[in-house]
Amino acid sequence: MPEEETIERAREDEREGKAPSTQAGEFVREEMEHIREGKHGARSPQQAIAIGLSKARRAGVKLPPPKKGKASSRTRKQAKRDLKRGRKGGRKKPSRTRSRASKRALKREGSSAASRKALSRQARSAAAKKATRTRKRRR
């Protein structure tokens, strides 16, 4: 469950008219902090980002699910489910047993997924991907 502070920062971004991806960034940042603090782990930066985006959708950020071909059908389905849950509002208390089980499973993972090196590698590959999309084509 996201911290109140994170939700408030995301709401502030929304009030300022910032994009949903910027609002979701607050949740991803919180996720990275949790991994660094040892609250839980992740296998890769992508997994940590995915957890953050899922939390954002469930908290009500209007972040659309990935387009067909960008992610697996399972991921898209989960994103739709998260979005629906976020729209519904009024959360019921999460299952204690399930929550503890998922926390224990994540605890067994490493914390190097949120290291500076891993995140910079992730950012660099994302920037390179964007560059290839926007690069001027030679004829």
# chains A, B, ... in the order shown; residues from 1 in each chain; ligands from 1
>>> residues_around(residues="Glu4 in chain A", least_positions_apart="3", cutoff="12 Å", atoms="only C-alpha atoms", output="PyMOL selection string")
chain A and resi 1+7-11+26-27+30+59
>>> residues_around(residues="range 39-45 of chain A", least_positions_apart="6", cutoff="9 Å", atoms="only C-alpha atoms", output="list in words")
Met32, Glu33, Lys103, Arg104, Ala105, Leu106, Lys107, Arg108, Glu109, Gly110, Ser111, Ser112, Ala113, Ala114, Ser115, Ala118, Leu119 and Gln122 of chain A
>>> write_last_selection(atoms="C-alpha atoms", output="mmCIF file, in the first residue's frame")
data_model
loop_
_atom_site.group_PDB
_atom_site.id
_atom_site.type_symbol
_atom_site.label_atom_id
_atom_site.label_comp_id
_atom_site.auth_asym_id
_atom_site.auth_seq_id
_atom_site.Cartn_x
_atom_site.Cartn_y
_atom_site.Cartn_z
ATOM 1 C CA MET A 32 12.913 2.187 -5.367
ATOM 2 C CA GLU A 33 13.238 3.662 -1.865
ATOM 3 C CA LYS A 103 6.151 -9.416 1.116
ATOM 4 C CA ARG A 104 8.122 -12.530 2.123
ATOM 5 C CA ALA A 105 8.535 -13.560 -1.520
ATOM 6 C CA LEU A 106 9.828 -10.092 -2.449
ATOM 7 C CA LYS A 107 12.116 -10.023 0.599
ATOM 8 C CA ARG A 108 13.962 -13.018 -0.823
ATOM 9 C CA GLU A 109 14.849 -11.004 -3.915
ATOM 10 C CA GLY A 110 17.936 -8.814 -4.084
ATOM 11 C CA SER A 111 18.142 -5.071 -3.668
ATOM 12 C CA SER A 112 20.570 -4.414 -6.518
ATOM 13 C CA ALA A 113 17.598 -3.733 -8.822
ATOM 14 C CA ALA A 114 17.333 -0.246 -7.316
ATOM 15 C CA SER A 115 21.048 0.544 -7.397
ATOM 16 C CA ALA A 118 20.938 -0.535 -12.559
ATOM 17 C CA LEU A 119 18.714 2.532 -12.806
ATOM 18 C CA GLN A 122 17.607 1.276 -17.458
#
>>> closest_residue(among="A:Ala56, A:Ile51, A:Ala126, A:Val61", to="Thr75 in chain A", atoms="only C-alpha atoms")
A:Ile51
>>> closest_atom_pairs(of="range 48-91 of chain A", to="range 19-25 of chain A", cutoff="10 Å", atoms="only C-alpha atoms", output="JSON lines")
{"residue": "A:Ile49", "atom": "CA", "partner": "A:Gly25", "partner_atom": "CA", "distance": 8.8}
{"residue": "A:Gly52", "atom": "CA", "partner": "A:Ala24", "partner_atom": "CA", "distance": 7.3}
{"residue": "A:Leu53", "atom": "CA", "partner": "A:Ala24", "partner_atom": "CA", "distance": 6.0}
{"residue": "A:Ser54", "atom": "CA", "partner": "A:Ala24", "partner_atom": "CA", "distance": 9.0}
{"residue": "A:Lys55", "atom": "CA", "partner": "A:Ala24", "partner_atom": "CA", "distance": 8.4}
{"residue": "A:Ala56", "atom": "CA", "partner": "A:Ala24", "partner_atom": "CA", "distance": 5.3}
{"residue": "A:Arg57", "atom": "CA", "partner": "A:Ala24", "partner_atom": "CA", "distance": 7.8}
{"residue": "A:Ala59", "atom": "CA", "partner": "A:Ala24", "partner_atom": "CA", "distance": 9.5}
{"residue": "A:Gly60", "atom": "CA", "partner": "A:Ala24", "partner_atom": "CA", "distance": 9.8}
{"residue": "A:Val61", "atom": "CA", "partner": "A:Pro20", "partner_atom": "CA", "distance": 6.2}
{"residue": "A:Lys62", "atom": "CA", "partner": "A:Pro20", "partner_atom": "CA", "distance": 5.9}
{"residue": "A:Leu63", "atom": "CA", "partner": "A:Pro20", "partner_atom": "CA", "distance": 5.4}
{"residue": "A:Pro64", "atom": "CA", "partner": "A:Pro20", "partner_atom": "CA", "distance": 8.6}
>>> write_last_selection(atoms="C-alpha atoms", output="mmCIF file, in the first residue's frame")
data_model
loop_
_atom_site.group_PDB
_atom_site.id
_atom_site.type_symbol
_atom_site.label_atom_id
_atom_site.label_comp_id
_atom_site.auth_asym_id
_atom_site.auth_seq_id
_atom_site.Cartn_x
_atom_site.Cartn_y
_atom_site.Cartn_z
ATOM 1 C CA ILE A 49 9.027 -0.129 -12.102
ATOM 2 C CA GLY A 52 5.321 1.069 -8.894
ATOM 3 C CA LEU A 53 3.069 1.493 -11.948
ATOM 4 C CA SER A 54 0.643 -1.096 -10.586
ATOM 5 C CA LYS A 55 0.444 0.790 -7.277
ATOM 6 C CA ALA A 56 -0.118 4.042 -9.178
ATOM 7 C CA ARG A 57 -3.021 2.590 -11.170
ATOM 8 C CA ALA A 59 -4.246 4.541 -6.307
ATOM 9 C CA GLY A 60 -6.272 6.175 -9.076
ATOM 10 C CA VAL A 61 -3.667 7.535 -11.502
ATOM 11 C CA LYS A 62 -5.221 7.492 -14.980
ATOM 12 C CA LEU A 63 -2.333 5.621 -16.553
ATOM 13 C CA PRO A 64 -3.514 3.562 -19.549
#
>>> atom_distance(atom1="CA of Thr132 in chain A", atom2="CA of Ala48 in chain A")
24.8 Å
>>> closest_residue(among="A:Pro65, A:Thr6, A:Lys117, A:Ala131", to="Asp82 in chain A", atoms="only C-alpha atoms")
A:Pro65
